[in-house]
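This is target-v8.csv. It holds CSV, C-alpha atoms and all ligand atoms.
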```csv
chain,number,residue,atom,x,y,z
A,556,MET,CA,100.7,168.6,58.3
A,557,SER,CA,97.8,166.2,58.1
A,558,ILE,CA,95.7,165.5,55.1
A,559,SER,CA,91.9,165.7,54.9
A,560,ILE,CA,90.9,162.3,53.7
A,561,GLU,CA,87.6,163.6,52.3
A,562,THR,CA,89.4,166.2,50.2
A,563,VAL,CA,92.1,164.0,48.8
A,564,ILE,CA,89.7,161.1,48.0
A,565,ALA,CA,87.4,163.6,46.2
A,566,LEU,CA,90.3,165.0,44.2
A,567,LEU,CA,91.7,161.5,43.4
A,568,GLU,CA,88.4,160.1,42.3
A,569,ARG,CA,88.2,162.8,39.7
A,570,GLU,CA,91.8,162.3,38.7
A,571,VAL,CA,91.7,158.5,38.2
A,572,ALA,CA,88.4,158.5,36.4
A,573,GLY,CA,90.3,158.4,33.1
A,574,PHE,CA,92.9,155.9,34.2
A,575,ALA,CA,92.9,152.2,33.5
A,576,VAL,CA,90.5,150.3,35.8
A,577,PRO,CA,92.2,147.6,37.9
A,578,VAL,CA,91.5,144.2,36.2
A,579,VAL,CA,89.7,142.6,39.1
A,580,ASP,CA,87.3,145.6,39.4
A,581,LEU,CA,86.7,145.4,35.6
A,582,ILE,CA,85.8,141.7,35.8
A,583,ALA,CA,83.5,142.4,38.8
A,584,VAL,CA,81.7,145.2,36.9
A,585,GLN,CA,81.5,143.2,33.7
A,586,THR,CA,80.4,139.9,35.2
A,587,GLY,CA,79.2,140.4,38.8
A,588,ASP,CA,80.3,136.8,39.3
A,589,PRO,CA,82.1,135.9,42.6
A,590,TYR,CA,83.7,132.9,41.0
A,591,ARG,CA,85.4,135.0,38.3
A,592,VAL,CA,86.4,137.7,40.8
A,593,LEU,CA,87.9,135.1,43.1
A,594,VAL,CA,89.9,133.4,40.3
A,595,ALA,CA,91.0,136.7,38.8
A,596,THR,CA,92.1,137.9,42.2
A,597,ILE,CA,94.2,134.8,42.8
A,598,LEU,CA,95.8,135.2,39.3
A,599,SER,CA,96.5,138.9,39.9
A,600,ALA,CA,98.9,138.4,42.9
A,601,ARG,CA,102.4,139.6,42.0
A,602,THR,CA,101.3,140.0,38.3
A,603,LYS,CA,100.8,143.0,36.1
A,604,ASP,CA,97.2,143.8,35.2
A,605,GLY,CA,97.7,143.2,31.5
A,606,VAL,CA,99.1,139.7,32.0
A,607,THR,CA,96.3,138.9,34.5
A,608,ALA,CA,93.6,140.1,32.1
A,609,LYS,CA,94.9,137.9,29.2
A,610,ALA,CA,95.4,134.8,31.5
A,611,ALA,CA,91.9,135.3,33.0
A,612,GLU,CA,90.4,135.5,29.5
A,613,ARG,CA,92.1,132.3,28.4
A,614,LEU,CA,91.1,130.5,31.5
A,615,PHE,CA,87.4,131.7,31.5
A,616,LYS,CA,87.0,130.5,27.9
A,617,LYS,CA,87.7,126.9,29.1
A,618,ALA,CA,86.4,127.3,32.6
A,619,PRO,CA,83.5,129.7,32.9
A,620,ASN,CA,82.3,128.3,36.2
A,621,LEU,CA,83.4,126.0,39.0
A,622,ASP,CA,82.1,122.8,37.3
A,623,SER,CA,84.2,123.3,34.2
A,624,LEU,CA,87.2,124.4,36.3
A,625,ALA,CA,87.0,121.0,38.1
A,626,CYS,CA,87.4,119.3,34.7
A,627,LEU,CA,90.8,120.8,34.0
A,628,SER,CA,94.0,119.2,35.2
A,629,GLU,CA,96.7,121.1,37.1
A,630,GLN,CA,99.0,120.9,34.0
A,631,GLN,CA,96.2,122.3,31.8
A,632,LEU,CA,95.7,125.1,34.2
A,633,GLU,CA,99.5,125.9,34.3
A,634,LYS,CA,99.5,126.2,30.5
A,635,LEU,CA,96.4,128.4,30.5
A,636,ILE,CA,97.5,130.9,33.1
A,637,PHE,CA,101.2,131.1,32.2
A,638,PRO,CA,103.0,133.6,32.5
A,639,VAL,CA,101.3,135.0,35.7
A,640,GLY,CA,103.6,135.1,38.7
A,641,PHE,CA,103.9,131.9,40.6
A,642,TYR,CA,101.7,130.1,38.0
A,643,LYS,CA,102.6,126.6,39.2
A,644,ASN,CA,101.4,127.4,42.8
A,645,LYS,CA,98.3,129.2,41.5
A,646,ALA,CA,97.5,126.3,39.1
A,647,ARG,CA,97.6,123.9,42.1
A,648,TYR,CA,95.3,126.2,44.2
A,649,LEU,CA,92.9,126.5,41.3
A,650,SER,CA,92.8,122.8,40.6
A,651,ARG,CA,91.8,122.2,44.3
A,652,LEU,CA,89.3,125.1,44.4
A,653,PRO,CA,86.1,123.3,43.3
A,654,GLU,CA,86.8,120.4,45.7
A,655,ASP,CA,87.7,122.6,48.6
A,656,LEU,CA,84.7,124.8,48.1
A,657,ALA,CA,82.4,121.8,47.9
A,658,ALA,CA,83.9,120.3,51.1
A,659,MET,CA,84.1,123.5,53.1
A,660,PHE,CA,81.3,125.7,51.9
A,661,GLY,CA,78.8,123.5,50.0
A,662,GLY,CA,80.2,124.6,46.7
A,663,ARG,CA,79.5,128.3,47.1
A,664,ILE,CA,82.0,131.2,47.2
A,665,PRO,CA,82.0,132.4,50.8
A,666,ASP,CA,81.4,136.1,51.4
A,667,THR,CA,83.5,136.8,54.5
A,668,VAL,CA,87.2,137.4,54.9
A,669,GLU,CA,87.4,134.7,57.6
A,670,ASP,CA,85.9,132.0,55.4
A,671,LEU,CA,87.8,133.0,52.3
A,672,THR,CA,91.1,132.9,54.0
A,673,GLU,CA,90.4,129.2,54.9
A,674,LEU,CA,90.9,128.4,51.2
A,675,PRO,CA,94.5,127.5,50.1
A,676,GLY,CA,96.2,130.4,48.3
A,677,VAL,CA,93.7,133.0,49.5
A,678,GLY,CA,95.3,135.6,51.8
A,679,ARG,CA,93.7,138.7,53.4
A,680,LYS,CA,94.3,140.9,50.4
A,681,THR,CA,92.5,138.5,48.1
A,682,ALA,CA,89.7,137.8,50.5
A,683,ASN,CA,89.1,141.5,51.2
A,684,LEU,CA,89.0,142.3,47.5
A,685,VAL,CA,86.5,139.5,46.8
A,686,VAL,CA,84.3,140.6,49.7
A,687,ALA,CA,84.4,144.2,48.6
A,688,VAL,CA,84.1,144.0,44.8
A,689,ALA,CA,82.2,140.7,44.3
A,690,PHE,CA,79.8,141.0,47.2
A,691,GLY,CA,79.8,144.8,47.7
A,692,LYS,CA,80.3,144.3,51.5
A,693,PRO,CA,82.5,146.7,53.5
A,694,ALA,CA,86.1,145.4,53.4
A,695,ILE,CA,89.4,147.1,52.9
A,696,CYS,CA,91.8,145.5,50.5
A,697,VAL,CA,95.3,146.7,51.4
A,698,ASP,CA,97.8,145.9,48.7
A,699,THR,CA,101.2,147.5,48.3
A,700,HIS,CA,99.9,150.7,46.8
A,701,VAL,CA,97.3,151.3,49.6
A,702,HIS,CA,99.9,150.5,52.3
A,703,ARG,CA,102.6,152.7,50.7
A,704,ILE,CA,100.4,155.7,49.9
A,705,MET,CA,98.6,155.8,53.3
A,706,ASN,CA,102.0,155.9,55.0
A,707,ILE,CA,103.3,158.6,52.7
A,708,TRP,CA,100.2,160.7,53.6
A,709,GLY,CA,100.8,160.0,57.3
A,710,TYR,CA,97.2,158.8,57.5
A,711,VAL,CA,98.6,155.6,59.1
A,712,GLU,CA,102.0,154.8,60.5
A,713,THR,CA,102.4,151.1,60.0
A,714,LYS,CA,105.0,148.5,59.3
A,715,ASN,CA,103.1,146.1,57.0
A,716,PRO,CA,99.8,145.7,55.1
A,717,PHE,CA,98.1,143.9,57.9
A,718,GLU,CA,98.7,146.7,60.3
A,719,THR,CA,97.6,149.2,57.7
A,720,GLU,CA,94.3,147.2,57.2
A,721,MET,CA,93.7,147.2,61.0
A,722,ALA,CA,94.5,150.9,61.3
A,723,LEU,CA,92.2,151.8,58.4
A,724,ARG,CA,89.4,149.8,59.9
A,725,GLN,CA,89.6,152.1,62.9
A,726,ARG,CA,90.1,155.4,61.0
A,727,LEU,CA,88.9,155.3,57.4
A,728,PRO,CA,85.2,156.2,57.0
A,729,LYS,CA,83.3,153.1,56.0
A,730,LYS,CA,81.9,154.8,52.8
A,731,TYR,CA,85.4,154.6,51.4
A,732,TRP,CA,86.3,151.0,52.3
A,733,ILE,CA,85.1,149.3,49.1
A,734,ARG,CA,86.6,151.8,46.6
A,735,ILE,CA,89.8,152.9,48.3
A,736,ASN,CA,91.8,150.0,46.7
A,737,SER,CA,90.6,150.7,43.2
A,738,ILE,CA,91.4,154.5,43.6
A,739,LEU,CA,94.9,154.0,45.0
A,740,VAL,CA,95.9,151.2,42.7
A,741,ALA,CA,95.1,153.3,39.7
A,742,PHE,CA,96.7,156.4,41.3
A,743,GLY,CA,99.8,154.3,42.5
A,744,GLN,CA,100.3,152.9,39.0
A,745,GLU,CA,100.1,156.2,37.2
A,746,ILE,CA,101.1,159.0,39.5
A,747,CYS,CA,102.3,158.1,43.0
A,748,ARG,CA,104.5,155.3,41.6
A,749,PRO,CA,106.7,153.2,43.9
A,750,VAL,CA,109.8,154.6,42.2
A,751,ARG,CA,109.9,158.2,41.0
A,752,PRO,CA,106.4,159.4,41.9
A,753,HIS,CA,105.2,162.3,39.8
A,754,CYS,CA,104.8,164.8,42.6
A,755,ASP,CA,105.3,167.7,40.2
A,756,ARG,CA,102.0,166.9,38.5
A,757,CYS,CA,100.1,165.4,41.4
A,758,VAL,CA,96.7,166.8,42.0
A,759,ILE,CA,97.1,166.5,45.8
A,760,GLY,CA,100.7,167.7,45.8
A,761,GLU,CA,99.8,170.7,48.1
A,762,GLN,CA,98.0,168.5,50.7
A,763,CYS,CA,100.5,165.6,50.7
A,764,PRO,CA,103.2,165.7,53.5
A,765,LYS,CA,105.3,163.3,51.4
A,766,PHE,CA,106.5,161.3,54.4
A,767,GLY,CA,109.4,159.1,53.3
A,768,VAL,CA,109.6,160.8,49.9
A,769,THR,CA,112.9,162.7,49.2
A,770,ALA,CA,113.8,165.0,46.4
A,771,ARG,CA,115.8,163.0,43.9
A,772,LYS,CA,119.5,164.0,43.7
A,773,LYS,CA,121.3,164.0,40.4
A,774,GLY,CA,124.2,161.7,40.4
A,775,LYS,CA,127.5,162.6,38.7
A,776,GLY,CA,127.2,162.2,35.0
A,777,GLN,CA,123.7,160.9,35.5
A,778,LYS,CA,120.4,162.4,34.3
A,779,ALA,CA,117.6,162.4,36.9
A,780,LYS,CA,114.5,161.0,35.2
A,781,GLY,CA,112.1,162.3,37.9
A,782,LYS,CA,112.3,164.8,40.7
A,783,TYR,CA,111.4,162.6,43.7
A,784,GLN,CA,112.1,159.1,44.9
A,785,ILE,CA,110.4,157.2,47.7
A,786,ALA,CA,112.3,155.8,50.6
A,787,LYS,CA,111.3,152.2,51.0
A,788,VAL,CA,108.1,151.9,53.1
A,789,LYS,CA,108.3,149.2,55.7
A,790,GLY,CA,106.4,146.0,54.9
A,791,GLU,CA,106.4,146.5,51.1
A,792,ASP,CA,107.2,143.5,48.9
A,801,LIG,S1,102.6,164.5,46.1
A,801,LIG,FE1,104.0,162.8,45.5
A,801,LIG,S2,104.2,161.5,47.2
A,801,LIG,FE2,102.4,162.7,47.6
A,801,LIG,S3,100.6,161.6,46.8
A,801,LIG,FE3,101.3,162.9,45.1
A,801,LIG,S4,102.8,161.7,43.9
A,801,LIG,FE4,102.5,160.7,45.9
```
Exercise: express the given structure as structure tokens:
Amino acid sequence: MSISIETVIALLEREVAGFAVPVVDLIAVQTGDPYRVLVATILSARTKDGVTAKAAERLFKKAPNLDSLACLSEQQLEKLIFPVGFYKNKARYLSRLPEDLAAMFGGRIPDTVEDLTELPGVGRKTANLVVAVAFGKPAICVDTHVHRIMNIWGYVETKNPFETEMALRQRLPKKYWIRINSILVAFGQEICRPVRPHCDRCVIGEQCPKFGVTARKKGKGQKAKGKYQIAKVKGED
């Protein structure tokens, strides 16, 4: 059984329209500012959206642009962005960002994945998201949700997010590149969750081959909270 990507994306776009918008997309829509998108994307790694949103708000009050970011010390940055995941590393990257951008790119935020990944603390996921949502250029941000769900659908058969990105670059129609991350993050947080996906109320339940998803067994003396569980997808964090 193979899915029709056109059909499932059309169904999912309608489904997630009422779900919470991923924080980085929200900042991109609200500000259209590559600096804010880059900083928010760095903050969002391994961090829940609600925590990222509050940290970004505190930080942007003090540092609305690169010049003001350069005036903050690493310790001040740590305090402002705590409790995002790996806040000490992220504060170090952010404190170096204005200087690194000045030295490497004349003080502008680069708009290619290759250039962005030259910056400390910026991996392919961050770079693709910045290129896609800040600059509106075709790029596929493959995070844990995109990697996991694409493998569940059997649309790709890959071991890690990098392989998934490369496979999607070959297969996914370009018109979906920019928005696929936003759709699958929202869908992955609400319905196709990493543990106990809500297959029983999934709008694409009939089309989905559910590769790696097994019906959940009730343990002795234990109440099953959901009907399905997902076998760990290779390459997930
Ligand atoms: S049917 Fe289940 S496994 Fe498939 S996309 Fe929906 S929630 Fe995920």
*State, in Å with one decimal place, the distance from CA of Arg724 (chain A) to CA of Gly678 (chain A).*
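Computed distance, CA of Arg724 (chain A) to CA of Gly678 (chain A), equals 17.4 Å.
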All residues within 6 Å of ligand LIG 801 (chain A) are required, counting only C-alpha atoms and all ligand atoms; please report them as a PDB file with C-alpha atoms, in the coordinates of the input.
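Everything below was put into part-v3.pdb:
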```pdb
ATOM      1  CA  ILE A 746     101.100 159.000  39.500  1.00  0.00           C
ATOM      2  CA  CYS A 747     102.300 158.100  43.000  1.00  0.00           C
ATOM      3  CA  PRO A 752     106.400 159.400  41.900  1.00  0.00           C
ATOM      4  CA  HIS A 753     105.200 162.300  39.800  1.00  0.00           C
ATOM      5  CA  CYS A 754     104.800 164.800  42.600  1.00  0.00           C
ATOM      6  CA  CYS A 757     100.100 165.400  41.400  1.00  0.00           C
ATOM      7  CA  ILE A 759      97.100 166.500  45.800  1.00  0.00           C
ATOM      8  CA  GLY A 760     100.700 167.700  45.800  1.00  0.00           C
ATOM      9  CA  CYS A 763     100.500 165.600  50.700  1.00  0.00           C
ATOM     10  CA  LYS A 765     105.300 163.300  51.400  1.00  0.00           C
TER      11      LYS A 765
END
```
*Using all atoms listed in the file, pick whichever of A:Thr562, A:Thr719, A:Thr667, A:Asn620 has the shortest atom-to-atom distance to Ala689 (chain A).*
A:Thr667
_Between CA of Arg703 (chain A) and CA of Glu673 (chain A) - distance in Å to one decimal_ =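 Result for CA of Glu673 (chain A) versus CA of Arg703 (chain A): 26.8 Å, one decimal.
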*Within 7 Å of Pro716 (chain A), counting all atoms listed in the file, which residues show up once you throw out same-chain ones fewer than 2 positions away? Write them as a PyMOL selection string, please.*
chain A and resi 697-698+702+718-720+790
*Taking only C-alpha atoms into account, which of A:Val686, A:Ala741, A:Leu632, A:Leu671 comes nearest Ile704 (chain A)?*
A:Ala741
_Just to confirm, what's the straight-line distance from CA of Thr602 (chain A) to CA of Pro638 (chain A) in Å (one decimal)?_
8.8 Å
*Surrounding residues of Gly573 (chain A) excluding itself and chain neighbours under 5 positions, 12 Å, all atoms listed in the file, as a PyMOL selection string*: chain A and resi 567-568+738+741-742+745
Using only C-alpha atoms, which residues of region 619-720 of chain A come within 10 Å of region 578-590 of chain A, and what is the closest atom pair for each, with the distance in Å to one decimal? Give it as CSV, sorted by chain and residue number.
```
residue,atom,partner,partner_atom,distance
A:Pro619,CA,A:Tyr590,CA,8.7
A:Asn620,CA,A:Tyr590,CA,6.8
A:Leu621,CA,A:Tyr590,CA,7.2
A:Arg663,CA,A:Tyr590,CA,8.7
A:Ile664,CA,A:Pro589,CA,6.6
A:Pro665,CA,A:Pro589,CA,8.9
A:Asp666,CA,A:Pro589,CA,8.8
A:Leu684,CA,A:Val579,CA,8.4
A:Val685,CA,A:Pro589,CA,7.1
A:Val686,CA,A:Pro589,CA,8.8
A:Ala687,CA,A:Asp580,CA,9.7
A:Val688,CA,A:Ala583,CA,6.2
A:Ala689,CA,A:Pro589,CA,5.1
A:Phe690,CA,A:Pro589,CA,7.2
A:Gly691,CA,A:Ala583,CA,9.9
```
_Selected residue of minimal separation from Ala682 (chain A) among A:Gly662, A:Leu727, A:Gly767, A:Thr596, counting all atoms listed in the file_ = A:Thr596
Nearby residues (all atoms listed in the file) at most 12 Å from Glu654 (chain A), same-chain spacing under 5 positions excluded, as a short mmCIF file (atom, residue, chain, number, x, y, z; two decimals) with C-alpha atoms, in the coordinates of the input:
```cif
data_model
loop_
_atom_site.label_atom_id
_atom_site.label_comp_id
_atom_site.auth_asym_id
_atom_site.auth_seq_id
_atom_site.Cartn_x
_atom_site.Cartn_y
_atom_site.Cartn_z
CA LEU A 621 83.40 126.00 39.00
CA ASP A 622 82.10 122.80 37.30
CA LEU A 624 87.20 124.40 36.30
CA ALA A 625 87.00 121.00 38.10
CA CYS A 626 87.40 119.30 34.70
CA ARG A 647 97.60 123.90 42.10
CA TYR A 648 95.30 126.20 44.20
CA LEU A 649 92.90 126.50 41.30
CA MET A 659 84.10 123.50 53.10
CA PHE A 660 81.30 125.70 51.90
CA GLY A 661 78.80 123.50 50.00
CA GLY A 662 80.20 124.60 46.70
CA ARG A 663 79.50 128.30 47.10
CA ILE A 664 82.00 131.20 47.20
CA LEU A 674 90.90 128.40 51.20
CA PRO A 675 94.50 127.50 50.10
#
```
_When you count all atoms listed in the file, which of these residues is closest to Phe717 (chain A): A:Thr699, A:Pro653, A:Asn644, A:Ser737?_
A:Thr699
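Using all atoms listed in the file, the nearest neighbour of Ala565 (chain A) within the list A:Tyr731, A:Phe641, A:Phe766, A:Phe615 is A:Tyr731.
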*Excluding same-chain residues fewer than 5 positions from Lys603 (chain A), what lies within 12 Å of it counting all atoms listed in the file, as JSON, numbers by chain?*
{"A": [577, 578, 579, 595, 596, 598, 608, 609, 610, 638, 639, 640, 740, 744]}
Please list as a PDB file with C-alpha atoms, in the frame of the given file every residue within 7 Å of Cys696 (chain A), counting all atoms listed in the file and excluding residues in the same chain fewer than 6 positions away.
```
ATOM      1  CA  LYS A 680      94.300 140.900  50.400  1.00  0.00           C
ATOM      2  CA  ASN A 683      89.100 141.500  51.200  1.00  0.00           C
ATOM      3  CA  LEU A 684      89.000 142.300  47.500  1.00  0.00           C
ATOM      4  CA  ASN A 736      91.800 150.000  46.700  1.00  0.00           C
TER       5      ASN A 736
END
```
